[in-house]
Structure formats: C-alpha cells, structure tokens
>>> print(open('upload39.pdb').read())   # PDB, C-alpha atoms
ATOM      1  CA  MET A  17       0.000   0.000   0.000
ATOM      2  CA  SER A  18       1.364   3.412  -0.943
ATOM      3  CA  THR A  19       1.480   6.236   1.583
ATOM      4  CA  ILE A  20       0.573   9.894   1.280
ATOM      5  CA  LEU A  21       2.409  11.877   3.953
ATOM      6  CA  THR A  22       1.561  15.424   5.073
ATOM      7  CA  TYR A  23       3.874  17.752   6.967
ATOM      8  CA  ILE A  24       2.002  19.676   9.668
ATOM      9  CA  ALA A  25       3.622  23.052  10.303
ATOM     10  CA  ILE A  26       3.504  24.817  13.665
ATOM     11  CA  SER A  27       3.550  28.612  13.983
ATOM     12  CA  ASP A  28       3.515  30.586  17.242
ATOM     13  CA  GLY A  29       2.519  27.481  19.169
ATOM     14  CA  LYS A  30      -0.452  26.682  16.921
ATOM     15  CA  LEU A  31      -1.222  24.254  14.143
ATOM     16  CA  LYS A  32      -1.156  26.058  10.809
ATOM     17  CA  ARG A  33      -4.617  25.848   9.280
ATOM     18  CA  SER A  34      -3.104  25.624   5.805
ATOM     19  CA  SER A  35      -1.346  22.368   6.779
ATOM     20  CA  LEU A  36      -4.601  20.872   8.025
ATOM     21  CA  GLU A  37      -6.265  21.865   4.740
ATOM     22  CA  VAL A  38      -3.609  19.879   2.896
ATOM     23  CA  LEU A  39      -4.071  16.926   5.266
ATOM     24  CA  SER A  40      -7.836  16.984   4.629
ATOM     25  CA  HIS A  41      -7.211  16.770   0.892
ATOM     26  CA  CYS A  42      -4.638  14.009   1.292
ATOM     27  CA  LYS A  43      -7.178  12.031   3.329
ATOM     28  CA  SER A  44      -9.698  12.257   0.475
ATOM     29  CA  LEU A  45      -7.024  11.205  -2.046
ATOM     30  CA  ALA A  46      -6.026   8.268   0.147
ATOM     31  CA  ASP A  47      -9.622   7.105   0.547
ATOM     32  CA  ALA A  48     -10.180   7.259  -3.207
ATOM     33  CA  SER A  49      -6.971   5.432  -4.115
ATOM     34  CA  GLY A  50      -6.650   2.939  -1.288
ATOM     35  CA  ALA A  51      -3.472   4.590   0.000
ATOM     36  CA  SER A  52      -2.552   5.248   3.614
ATOM     37  CA  CYS A  53      -2.824   8.841   4.879
ATOM     38  CA  GLU A  54      -0.179   9.776   7.446
ATOM     39  CA  ALA A  55       1.149  13.002   8.967
ATOM     40  CA  VAL A  56       4.338  14.236  10.579
ATOM     41  CA  VAL A  57       4.711  17.023  13.129
ATOM     42  CA  ILE A  58       8.099  18.414  14.149
ATOM     43  CA  ASP A  59       8.349  20.803  17.093
ATOM     44  CA  ALA A  60       9.807  21.299  20.549
ATOM     45  CA  ASN A  61       6.357  20.306  21.896
ATOM     46  CA  ALA A  62       5.222  18.181  18.977
ATOM     47  CA  SER A  63       3.301  15.618  21.060
ATOM     48  CA  SER A  64       0.901  18.292  22.298
ATOM     49  CA  PHE A  65      -0.472  18.753  18.770
ATOM     50  CA  VAL A  66      -1.415  15.133  18.082
ATOM     51  CA  ASP A  67      -5.051  15.482  19.182
ATOM     52  CA  GLY A  68      -5.565  18.438  16.866
ATOM     53  CA  ILE A  69      -3.975  16.649  13.922
ATOM     54  CA  GLN A  70      -5.802  13.339  14.168
ATOM     55  CA  LYS A  71      -9.161  15.094  13.739
ATOM     56  CA  TYR A  72      -8.375  15.416  10.052
ATOM     57  CA  GLY A  73      -7.919  11.802   9.070
ATOM     58  CA  ALA A  74      -4.314  10.701   9.451
ATOM     59  CA  SER A  75      -4.055   6.994  10.282
ATOM     60  CA  LYS A  76      -0.591   7.616  11.768
ATOM     61  CA  VAL A  77       1.001  10.729  13.218
ATOM     62  CA  HIS A  78       4.795  10.684  13.284
ATOM     63  CA  VAL A  79       6.048  12.855  16.140
ATOM     64  CA  VAL A  80       9.538  14.366  16.146
ATOM     65  CA  GLU A  81      10.045  16.255  19.400
ATOM     66  CA  ASP A  82      13.251  18.000  20.416
ATOM     67  CA  PRO A  83      14.124  21.395  21.960
ATOM     68  CA  ILE A  84      16.125  22.258  18.837
ATOM     69  CA  PHE A  85      12.823  22.770  16.996
ATOM     70  CA  LYS A  86      11.745  25.660  19.209
ATOM     71  CA  ASN A  87      12.592  27.946  16.280
ATOM     72  CA  HIS A  88      12.714  27.206  12.579
ATOM     73  CA  MET A  89      16.181  26.210  11.387
ATOM     74  CA  ASN A  90      16.733  24.473   8.078
ATOM     75  CA  THR A  91      19.456  21.989   9.041
ATOM     76  CA  PRO A  92      17.662  20.113  11.853
ATOM     77  CA  LEU A  93      14.322  20.293  10.020
ATOM     78  CA  LEU A  94      15.863  18.747   6.900
ATOM     79  CA  LYS A  95      17.442  15.985   8.956
ATOM     80  CA  ALA A  96      14.140  15.194  10.684
ATOM     81  CA  LEU A  97      12.124  15.242   7.466
ATOM     82  CA  SER A  98      14.678  13.011   5.744
ATOM     83  CA  LYS A  99      14.567  10.518   8.614
ATOM     84  CA  VAL A 100      10.787  10.307   8.507
ATOM     85  CA  MET A 101      10.798   9.921   4.717
ATOM     86  CA  ALA A 102      13.324   7.086   4.970
ATOM     87  CA  SER A 103      11.062   5.324   7.474
ATOM     88  CA  VAL A 104       7.695   5.924   5.810
ATOM     89  CA  ASN A 105       8.814   5.878   2.151
ATOM     90  CA  PRO A 106       5.837   7.947   0.953
ATOM     91  CA  SER A 107       4.898   8.085  -2.709
ATOM     92  CA  VAL A 108       3.666  11.650  -2.124
ATOM     93  CA  PHE A 109       4.803  14.079   0.568
ATOM     94  CA  ALA A 110       2.556  17.153   0.765
ATOM     95  CA  PHE A 111       3.226  20.488   2.458
ATOM     96  CA  ALA A 112       1.421  23.774   2.929
ATOM     97  CA  SER A 113       3.243  26.435   0.923
ATOM     98  CA  THR A 114       4.623  28.389   3.878
ATOM     99  CA  GLU A 115       7.819  30.425   4.163
ATOM    100  CA  GLY A 116       9.415  27.539   6.060
ATOM    101  CA  THR A 117       8.437  25.060   3.370
ATOM    102  CA  LYS A 118       9.972  27.245   0.674
ATOM    103  CA  ASP A 119      13.211  27.216   2.665
ATOM    104  CA  VAL A 120      13.608  23.438   2.673
ATOM    105  CA  LEU A 121      11.543  21.910  -0.154
ATOM    106  CA  GLY A 122      14.223  21.999  -2.846
ATOM    107  CA  ALA A 123      16.941  20.697  -0.537
ATOM    108  CA  LEU A 124      14.702  17.873   0.697
ATOM    109  CA  ALA A 125      13.877  16.868  -2.874
ATOM    110  CA  ALA A 126      17.579  16.736  -3.749
ATOM    111  CA  ASN A 127      18.359  14.808  -0.564
ATOM    112  CA  GLN A 128      15.654  12.219  -1.284
ATOM    113  CA  ASN A 129      16.076  12.081  -5.072
ATOM    114  CA  ALA A 130      12.429  13.102  -5.392
ATOM    115  CA  ALA A 131      10.453  15.121  -7.929
ATOM    116  CA  VAL A 132       8.927  18.351  -6.666
ATOM    117  CA  ILE A 133       6.082  20.690  -7.666
ATOM    118  CA  ALA A 134       5.933  23.879  -5.614
ATOM    119  CA  ASP A 135       3.161  26.334  -4.761
ATOM    120  CA  VAL A 136       0.232  24.607  -6.468
ATOM    121  CA  ALA A 137      -3.446  25.537  -6.315
ATOM    122  CA  SER A 138      -4.573  21.892  -6.485
ATOM    123  CA  PHE A 139      -3.190  18.422  -7.087
ATOM    124  CA  GLU A 140      -4.345  14.882  -7.714
ATOM    125  CA  LEU A 141      -2.791  11.456  -8.020
ATOM    126  CA  ILE A 142      -2.013   9.935 -11.410
ATOM    127  CA  ASP A 143      -0.363   6.669 -12.351
ATOM    128  CA  GLY A 144       3.227   6.977 -11.174
ATOM    129  CA  GLY A 145       3.048  10.501  -9.782
ATOM    130  CA  VAL A 146       1.114  13.725  -9.307
ATOM    131  CA  LYS A 147      -0.780  16.105 -11.569
ATOM    132  CA  ALA A 148      -1.176  19.675 -10.340
ATOM    133  CA  LYS A 149      -2.549  23.061 -11.321
ATOM    134  CA  ARG A 150      -0.015  25.817 -10.666
ATOM    135  CA  PRO A 151      -0.705  29.566 -10.969
ATOM    136  CA  VAL A 152       1.738  31.364 -13.276
ATOM    137  CA  MET A 153       1.974  34.827 -14.873
ATOM    138  CA  ALA A 154       0.684  36.529 -11.701
ATOM    139  CA  ALA A 155      -2.098  33.924 -11.451
ATOM    140  CA  LYS A 156      -3.527  34.898 -14.849
ATOM    141  CA  ILE A 157      -2.861  31.385 -16.142
ATOM    142  CA  MET A 158      -3.213  27.980 -14.477
ATOM    143  CA  ASN A 159      -0.486  25.661 -15.704
ATOM    144  CA  ASN A 160      -1.124  21.897 -15.713
ATOM    145  CA  THR A 161       2.015  20.184 -14.432
ATOM    146  CA  GLU A 162       2.874  16.520 -13.973
ATOM    147  CA  ALA A 163       5.649  14.920 -11.969
ATOM    148  CA  LYS A 164       6.300  11.183 -12.212
ATOM    149  CA  SER A 165       8.674   9.618  -9.738
ATOM    150  CA  GLU A 166       8.759   7.062  -6.936
ATOM    151  CA  LYS A 167       8.607  10.060  -4.582
ATOM    152  CA  VAL A 168       6.925  13.380  -5.313
ATOM    153  CA  LEU A 169       6.995  16.433  -3.036
ATOM    154  CA  VAL A 170       4.254  19.008  -3.489
ATOM    155  CA  SER A 171       3.494  22.279  -1.693
ATOM    156  CA  VAL A 172      -0.020  23.733  -1.735
ATOM    157  CA  ARG A 173      -1.215  27.318  -1.486
ATOM    158  CA  SER A 174      -3.209  28.284   1.589
ATOM    159  CA  GLY A 175      -6.981  28.137   1.113
ATOM    160  CA  SER A 176      -6.884  25.680  -1.758
ATOM    161  CA  TYR A 177      -8.932  23.113   0.166
ATOM    162  CA  ASP A 178     -11.557  23.074   2.906
ATOM    163  CA  LEU A 179     -11.041  21.553   6.331
ATOM    164  CA  ASN A 180     -12.823  18.207   6.710
ATOM    165  CA  GLU A 181     -12.810  16.507  10.090
ATOM    166  CA  SER A 182     -12.657  12.726  10.428
ATOM    167  CA  LEU A 183     -13.792  10.361  13.177
ATOM    168  CA  GLU A 184     -10.777   8.086  12.789
ATOM    169  CA  SER A 185      -8.187   7.866  15.545
ATOM    170  CA  ALA A 186      -4.505   7.882  14.706
ATOM    171  CA  GLU A 187      -1.613   5.697  15.752
ATOM    172  CA  VAL A 188       1.162   7.820  17.268
ATOM    173  CA  VAL A 189       4.700   6.997  16.165
ATOM    174  CA  ASN A 190       7.414   8.680  18.218
ATOM    175  CA  VAL A 191      10.542   9.238  16.142
ATOM    176  CA  ASP A 192      13.913   9.274  17.903
ATOM    177  CA  PHE A 193      15.890  12.364  16.997
ATOM    178  CA  SER A 194      19.159  13.906  18.110
ATOM    179  CA  MET A 195      21.536  16.385  16.595
ATOM    180  CA  ASP A 196      25.054  17.317  17.545
ATOM    181  CA  ASP A 197      26.076  20.982  17.571
ATOM    182  CA  SER A 198      28.825  20.144  15.101
ATOM    183  CA  GLU A 199      26.168  19.302  12.500
ATOM    184  CA  MET A 200      24.718  22.796  12.614
ATOM    185  CA  LYS A 201      25.705  24.908   9.634
ATOM    186  CA  SER A 202      24.105  28.099  10.917
ATOM    187  CA  THR A 203      23.286  29.775  14.202
ATOM    188  CA  LEU A 204      20.042  31.576  15.018
ATOM    189  CA  ARG A 205      20.905  34.937  16.563
ATOM    190  CA  GLU A 206      17.617  36.801  16.587
ATOM    191  CA  ILE A 207      14.060  36.632  15.291
ATOM    192  CA  ILE A 208      12.614  39.921  14.097
ATOM    193  CA  SER A 209       8.870  40.003  13.574
ATOM    194  CA  ALA A 210       6.238  42.651  12.988
ATOM    195  CA  SER A 211       5.438  44.578  16.149
ATOM    196  CA  GLY A 212       2.044  44.748  17.790
ATOM    197  CA  ASP A 213      -0.778  42.239  18.127
ATOM    198  CA  THR A 214      -1.056  41.631  14.405
ATOM    199  CA  ILE A 215      -2.890  38.593  13.042
ATOM    200  CA  ASP A 216      -0.893  36.264  10.805
ATOM    201  CA  LEU A 217      -2.250  36.994   7.329
ATOM    202  CA  ASN A 218      -1.552  33.443   6.185
ATOM    203  CA  GLU A 219      -3.874  32.105   8.885
ATOM    204  CA  ALA A 220      -6.471  34.895   9.072
ATOM    205  CA  GLU A 221     -10.116  33.965   8.480
ATOM    206  CA  ALA A 222     -10.800  37.545   7.396
ATOM    207  CA  ILE A 223      -8.543  40.295   6.018
ATOM    208  CA  VAL A 224      -9.137  44.002   5.527
ATOM    209  CA  ALA A 225      -6.675  45.308   2.933
ATOM    210  CA  ALA A 226      -5.873  48.982   2.427
ATOM    211  CA  GLY A 227      -4.932  50.502  -0.911
ATOM    212  CA  ARG A 228      -3.867  53.853  -2.289
ATOM    213  CA  GLY A 229      -7.290  55.295  -1.445
ATOM    214  CA  VAL A 230      -6.327  55.173   2.246
ATOM    215  CA  LYS A 231      -4.447  58.465   2.298
ATOM    216  CA  ASP A 232      -4.175  59.581   5.926
ATOM    217  CA  GLU A 233      -4.489  58.687   9.600
ATOM    218  CA  GLU A 234      -8.280  58.937   9.409
ATOM    219  CA  GLY A 235      -8.295  56.291   6.690
ATOM    220  CA  LYS A 236      -5.939  54.055   8.675
ATOM    221  CA  ALA A 237      -8.174  54.427  11.725
ATOM    222  CA  LEU A 238     -11.193  53.273   9.712
ATOM    223  CA  ILE A 239      -9.264  50.260   8.428
ATOM    224  CA  SER A 240      -8.211  49.384  11.974
ATOM    225  CA  GLU A 241     -11.746  49.747  13.311
ATOM    226  CA  LEU A 242     -13.230  47.555  10.588
ATOM    227  CA  ALA A 243     -10.556  44.923  11.166
ATOM    228  CA  SER A 244     -11.177  45.038  14.899
ATOM    229  CA  VAL A 245     -14.929  44.559  14.503
ATOM    230  CA  LEU A 246     -14.391  41.581  12.202
ATOM    231  CA  LYS A 247     -11.419  40.215  14.199
ATOM    232  CA  ALA A 248      -9.579  40.392  10.886
ATOM    233  CA  GLY A 249      -5.961  40.780   9.856
ATOM    234  CA  ILE A 250      -4.827  43.982   8.168
ATOM    235  CA  GLY A 251      -3.095  43.876   4.809
ATOM    236  CA  ALA A 252      -1.938  46.533   2.364
ATOM    237  CA  SER A 253      -1.094  47.095  -1.266
ATOM    238  CA  ARG A 254       2.482  47.598  -2.440
ATOM    239  CA  ALA A 255       1.919  51.352  -2.848
ATOM    240  CA  LEU A 256       1.191  51.762   0.868
ATOM    241  CA  THR A 257       4.031  49.579   2.110
ATOM    242  CA  GLU A 258       6.590  51.254  -0.156
ATOM    243  CA  SER A 259       5.469  54.699   1.017
ATOM    244  CA  GLY A 260       5.819  53.639   4.651
ATOM    245  CA  VAL A 261       2.116  53.881   5.520
ATOM    246  CA  TYR A 262       2.064  50.175   6.476
ATOM    247  CA  ASP A 263       4.798  47.731   7.451
ATOM    248  CA  PRO A 264       6.259  45.773   4.507
ATOM    249  CA  SER A 265       5.302  42.522   6.272
ATOM    250  CA  LEU A 266       1.641  43.378   5.551
ATOM    251  CA  GLN A 267       2.046  43.622   1.770
ATOM    252  CA  ILE A 268      -0.265  41.348  -0.200
ATOM    253  CA  GLY A 269       0.443  40.558  -3.823
ATOM    254  CA  GLN A 270       2.792  38.917  -6.266
ATOM    255  CA  THR A 271       5.841  40.302  -4.435
ATOM    256  CA  GLY A 272       4.227  40.071  -0.988
ATOM    257  CA  LYS A 273       2.094  37.512   0.794
ATOM    258  CA  VAL A 274      -0.316  35.180  -0.979
ATOM    259  CA  VAL A 275      -3.449  34.866   1.146
ATOM    260  CA  SER A 276      -6.763  33.050   0.895
ATOM    261  CA  PRO A 277      -9.061  33.964   3.793
ATOM    262  CA  GLN A 278     -12.768  33.238   4.001
ATOM    263  CA  LEU A 279     -13.417  36.995   3.652
ATOM    264  CA  TYR A 280     -11.239  39.604   1.915
ATOM    265  CA  ILE A 281     -12.301  43.255   1.971
ATOM    266  CA  ALA A 282     -10.311  45.418  -0.443
ATOM    267  CA  VAL A 283     -10.600  49.074   0.543
ATOM    268  CA  GLY A 284      -9.369  51.691  -1.912
ATOM    269  CA  ILE A 285      -7.497  49.067  -3.932
ATOM    270  CA  SER A 286      -7.659  49.428  -7.717
ATOM    271  CA  GLY A 287      -6.984  45.756  -8.393
ATOM    272  CA  ALA A 288      -3.719  45.721 -10.312
ATOM    273  CA  ILE A 289      -2.741  42.257 -11.512
ATOM    274  CA  GLN A 290       0.200  42.103  -9.086
ATOM    275  CA  HIS A 291      -2.132  42.586  -6.105
ATOM    276  CA  VAL A 292      -4.847  40.251  -7.373
ATOM    277  CA  ALA A 293      -2.231  37.485  -7.695
ATOM    278  CA  GLY A 294      -1.932  37.546  -3.897
ATOM    279  CA  MET A 295      -5.623  37.384  -2.964
ATOM    280  CA  ALA A 296      -7.657  35.958  -5.852
ATOM    281  CA  ASN A 297      -8.062  32.637  -4.031
ATOM    282  CA  SER A 298     -10.058  34.258  -1.196
ATOM    283  CA  LYS A 299     -13.459  32.625  -0.677
ATOM    284  CA  VAL A 300     -15.501  35.886  -0.648
ATOM    285  CA  ILE A 301     -14.106  39.178  -1.955
ATOM    286  CA  VAL A 302     -15.691  42.542  -1.143
ATOM    287  CA  ALA A 303     -14.386  45.627  -2.952
ATOM    288  CA  ILE A 304     -14.895  49.256  -1.904
ATOM    289  CA  ASN A 305     -13.686  51.797  -4.453
ATOM    290  CA  LYS A 306     -14.908  55.137  -5.764
ATOM    291  CA  ASP A 307     -13.950  54.229  -9.345
ATOM    292  CA  PRO A 308     -16.726  52.055 -10.869
ATOM    293  CA  ASP A 309     -14.289  50.861 -13.543
ATOM    294  CA  ALA A 310     -11.617  49.705 -11.087
ATOM    295  CA  PRO A 311     -10.314  46.224 -12.068
ATOM    296  CA  ILE A 312     -10.883  44.967  -8.517
ATOM    297  CA  PHE A 313     -14.616  44.730  -9.261
ATOM    298  CA  GLU A 314     -13.880  42.082 -11.900
ATOM    299  CA  VAL A 315     -12.725  39.630  -9.219
ATOM    300  CA  ALA A 316     -15.014  40.798  -6.392
ATOM    301  CA  ASP A 317     -18.100  38.867  -5.306
ATOM    302  CA  TYR A 318     -19.610  42.061  -3.886
ATOM    303  CA  GLY A 319     -18.758  45.651  -4.763
ATOM    304  CA  ILE A 320     -19.515  49.041  -3.247
ATOM    305  CA  VAL A 321     -18.841  52.079  -5.424
ATOM    306  CA  GLY A 322     -18.135  55.061  -3.218
ATOM    307  CA  ASP A 323     -15.632  57.093  -1.245
ATOM    308  CA  LEU A 324     -14.253  54.860   1.515
ATOM    309  CA  TYR A 325     -14.370  57.774   3.960
ATOM    310  CA  LYS A 326     -18.139  57.934   3.475
ATOM    311  CA  VAL A 327     -18.785  54.221   3.007
ATOM    312  CA  LEU A 328     -16.831  52.726   5.906
ATOM    313  CA  PRO A 329     -18.419  54.518   8.914
ATOM    314  CA  PRO A 330     -22.003  53.291   8.228
ATOM    315  CA  PHE A 331     -20.608  49.950   7.002
ATOM    316  CA  ILE A 332     -18.813  49.473  10.329
ATOM    317  CA  GLU A 333     -21.897  50.511  12.316
ATOM    318  CA  GLU A 334     -24.081  47.971  10.491
ATOM    319  CA  ILE A 335     -21.590  45.194  11.228
ATOM    320  CA  LYS A 336     -21.578  46.190  14.905
ATOM    321  CA  LYS A 337     -25.400  45.958  14.955
ATOM    322  CA  ILE A 338     -25.328  42.520  13.353
ATOM    323  CA  LYS A 339     -22.750  41.322  15.850
ATOM    324  CA  GLY A 340     -24.918  42.682  18.646
TER     325      GLY A 340
END
>>> encode(input="upload39.pdb", output="structure tokens")
Amino acid sequence: MSTILTYIAISDGKLKRSSLEVLSHCKSLADASGASCEAVVIDANASSFVDGIQKYGASKVHVVEDPIFKNHMNTPLLKALSKVMASVNPSVFAFASTEGTKDVLGALAANQNAAVIADVASFELIDGGVKAKRPVMAAKIMNNTEAKSEKVLVSVRSGSYDLNESLESAEVVNVDFSMDDSEMKSTLREIISASGDTIDLNEAEAIVAAGRGVKDEEGKALISELASVLKAGIGASRALTESGVYDPSLQIGQTGKVVSPQLYIAVGISGAIQHVAGMANSKVIVAINKDPDAPIFEVADYGIVGDLYKVLPPFIEEIKKIKG
C-alpha cells in the first residue's frame, strides 16, 4: 500500500490551518486510491499537537520532538524530514506552501532524489506521480504540471482546500531524533517580527486590505476599526508599504504575501494584476472603491462604489449591529 504523507507546520505554538487543509485533501485522495494517509509534526512540543492533527484523518502521526525545533532552522528540520521519509517511504509528501516550506523543499527533494512541484493551487494522483494546477503569470494562467517519480513532493497554497474533520483515531509513532552541535551549519541569533498584536495573514479567516485610497491617519483608523470589529488581519497594497504607511510585512500581492481567507475586503485598492495574484483565491471578496471601472470589481463577489471615507463609517456601524 502506498502512503501519502503530510507535513504539519507549527507557527507561534499553533497548528497552521493551511497544513490541516492539505491533510484533509490528502485524506480524500487516500480514501479514493486505497493509500494510507499519514502526517508528521516536528516541534519542541510536537506531542501536544497530536489530538488536533488526528481530527483530520491521518491513520498515523509521526512525532519528532526536540528542543532544537523551538525555532525554525533548516538543518535540523531537513534531517528530521529526511529521517521520517526514509522510514515511511511515501509516494507523495505534501506540504502547505509556507515560508518555512519554501526554505527546505528543494533541498529535501535533492536529498531524497524526489520530484517536486511547488506552490500549487490543487493536485491529484495519477499513475506513477502527481498532476497539479499551478498559478503562473501573476495567477492569470493555471499551468497543468505533472511529476512522475517514486517520490513526489508538493506544496499547496493556503486556502486551496476546505477543512474536513474525520472520526478516525490515529496511531502515534514517536521518532527518535538527536543532533550534535557540530552538525549545525548556521546559528540563530535573533528573530525579528512585525510589532504589535497583528494577526498572521496566512492564517487569518478575514482580512481588511488597504490601498492607495487610504491616504491619511483617518483612513488608517477606519481600516483598523473595521478589522477590529471583524477580528480580521490587516493587509496593504504595495503602494502603501513602499510609502511607509504600512509595514512591509503586511504587503499582499505577487511580491508580498499570498493569502486566501474566508473573507477579503479590499478598501481603496484598484486591483492591479500584481495585487490580485496575492488574494484571488479568497473565498468571498468585497471591494470598496470610488472608481466604478476599477479592475478589482472584476474579481469581487460584492462591490460598493463610493468614497471609503463615506462608506466605511455606516458599514462598520451595520456590522456592529449585526454582531450585537
């Protein structure tokens, strides 16, 4: 029986939703093909995440727990992933397309003599490998790609699949792991992250994104209030991050973060192709723009034509009423 393995990423002490989305899809592929669906979690407190992982259908959860995994470092992560692959021998190893995955995917493929397809929107099993749809040309085109090999690694964009819980319980496999300091090729000195109580845009259920139409502190305050009411993350277009209005870590687009929340509200964003490439996979898109011909309305599910300074105050008040 072949095995489909999913890597479950941990961020800020929480399971990354995008990894569980991938696991849900791998479970459905395994059920349809008669394969085994398994998962691996690697963290300083990896065992504490088993209950959360087994809700999504893995028949086995491989646990690699060691203090060295308190922070992301490529060398120990690669060693742990390679050890699990050698033990499980999966035909497909699936990852969420996170920053950490991008760091190690190519090296792991080379280490394991495996084929790799990165940053796909969807994938399925074919005879001898994987077939995937991959966004290219700023997501204007979906490229059909195939990889045939005894082992195929694939990373999947956040929001590509829904979460589907399973009633099955999982067998826990504890993996012995140790690493000598002499094996380390780099040293972690400091982690610099965005300040404040910001919500991780990759995990946010809702995002309020500000564009060039947000021109002053009043506009920023409205964005913050709307995000607060919706318990949403705040994102921004490239124009606002380059001008210093918002932190560069909040940029959404082809050269920023690629997000796919349940709700995306684009405020004062024209909808240039570079920005749309970073949010087109959102489940519901709401656009607020005073230009009725703005390209953002072409991808929006709902649109409001109007000045954001006049639209947002009553919009926010109505949401507050609905929320009670």
>>> residues_around(input="upload39.pdb", residues="segment 76-90 of chain A", least_positions_apart="5", cutoff="6 Å", atoms="all atoms listed in the file", output="PyMOL selection string")
chain A and resi 54-60+62+186-191
>>> residues_near_point(input="upload39.pdb", point="(-2.4, 34.8, 0.2)", cutoff="8 Å", atoms="only C-alpha atoms", output="VMD selection string")
chain A and resid 173 to 174 217 to 218 268 to 269 273 to 277 294 to 295 297 to 298
>>> atom_distance(input="upload39.pdb", atom1="atom CA of Met158 of chain A", atom2="atom CA of Asp47 of chain A")
26.5 Å
>>> atom_distance(input="upload39.pdb", atom1="atom CA of Ala248 of chain A", atom2="atom CA of Val283 of chain A")
13.5 Å
>>> closest_residue(input="upload39.pdb", among="A:Ile285, A:Lys337, A:Ser185, A:Lys95", to="Pro308 of chain A", atoms="only C-alpha atoms")
A:Ile285
>>> resolve_selection(input="upload39.pdb", expression="the PyMOL selection byres ((chain A and resi 226-239) around 10)", output="VMD selection string")
chain A and resid 223 to 225 240 to 244 250 to 257 259 261 to 262 266 to 268 281 to 287 291 304 to 306 323 to 325 328 to 329 332
>>> write_last_selection(input="upload39.pdb", atoms="C-alpha atoms", output="PDB file, in the frame of the given file")
ATOM      1  CA  ILE A 223      -8.543  40.295   6.018  1.00  0.00           C
ATOM      2  CA  VAL A 224      -9.137  44.002   5.527  1.00  0.00           C
ATOM      3  CA  ALA A 225      -6.675  45.308   2.933  1.00  0.00           C
ATOM      4  CA  SER A 240      -8.211  49.384  11.974  1.00  0.00           C
ATOM      5  CA  GLU A 241     -11.746  49.747  13.311  1.00  0.00           C
ATOM      6  CA  LEU A 242     -13.230  47.555  10.588  1.00  0.00           C
ATOM      7  CA  ALA A 243     -10.556  44.923  11.166  1.00  0.00           C
ATOM      8  CA  SER A 244     -11.177  45.038  14.899  1.00  0.00           C
ATOM      9  CA  ILE A 250      -4.827  43.982   8.168  1.00  0.00           C
ATOM     10  CA  GLY A 251      -3.095  43.876   4.809  1.00  0.00           C
ATOM     11  CA  ALA A 252      -1.938  46.533   2.364  1.00  0.00           C
ATOM     12  CA  SER A 253      -1.094  47.095  -1.266  1.00  0.00           C
ATOM     13  CA  ARG A 254       2.482  47.598  -2.440  1.00  0.00           C
ATOM     14  CA  ALA A 255       1.919  51.352  -2.848  1.00  0.00           C
ATOM     15  CA  LEU A 256       1.191  51.762   0.868  1.00  0.00           C
ATOM     16  CA  THR A 257       4.031  49.579   2.110  1.00  0.00           C
ATOM     17  CA  SER A 259       5.469  54.699   1.017  1.00  0.00           C
ATOM     18  CA  VAL A 261       2.116  53.881   5.520  1.00  0.00           C
ATOM     19  CA  TYR A 262       2.064  50.175   6.476  1.00  0.00           C
ATOM     20  CA  LEU A 266       1.641  43.378   5.551  1.00  0.00           C
ATOM     21  CA  GLN A 267       2.046  43.622   1.770  1.00  0.00           C
ATOM     22  CA  ILE A 268      -0.265  41.348  -0.200  1.00  0.00           C
ATOM     23  CA  ILE A 281     -12.301  43.255   1.971  1.00  0.00           C
ATOM     24  CA  ALA A 282     -10.311  45.418  -0.443  1.00  0.00           C
ATOM     25  CA  VAL A 283     -10.600  49.074   0.543  1.00  0.00           C
ATOM     26  CA  GLY A 284      -9.369  51.691  -1.912  1.00  0.00           C
ATOM     27  CA  ILE A 285      -7.497  49.067  -3.932  1.00  0.00           C
ATOM     28  CA  SER A 286      -7.659  49.428  -7.717  1.00  0.00           C
ATOM     29  CA  GLY A 287      -6.984  45.756  -8.393  1.00  0.00           C
ATOM     30  CA  HIS A 291      -2.132  42.586  -6.105  1.00  0.00           C
ATOM     31  CA  ILE A 304     -14.895  49.256  -1.904  1.00  0.00           C
ATOM     32  CA  ASN A 305     -13.686  51.797  -4.453  1.00  0.00           C
ATOM     33  CA  LYS A 306     -14.908  55.137  -5.764  1.00  0.00           C
ATOM     34  CA  ASP A 323     -15.632  57.093  -1.245  1.00  0.00           C
ATOM     35  CA  LEU A 324     -14.253  54.860   1.515  1.00  0.00           C
ATOM     36  CA  TYR A 325     -14.370  57.774   3.960  1.00  0.00           C
ATOM     37  CA  LEU A 328     -16.831  52.726   5.906  1.00  0.00           C
ATOM     38  CA  PRO A 329     -18.419  54.518   8.914  1.00  0.00           C
ATOM     39  CA  ILE A 332     -18.813  49.473  10.329  1.00  0.00           C
TER      40      ILE A 332
END
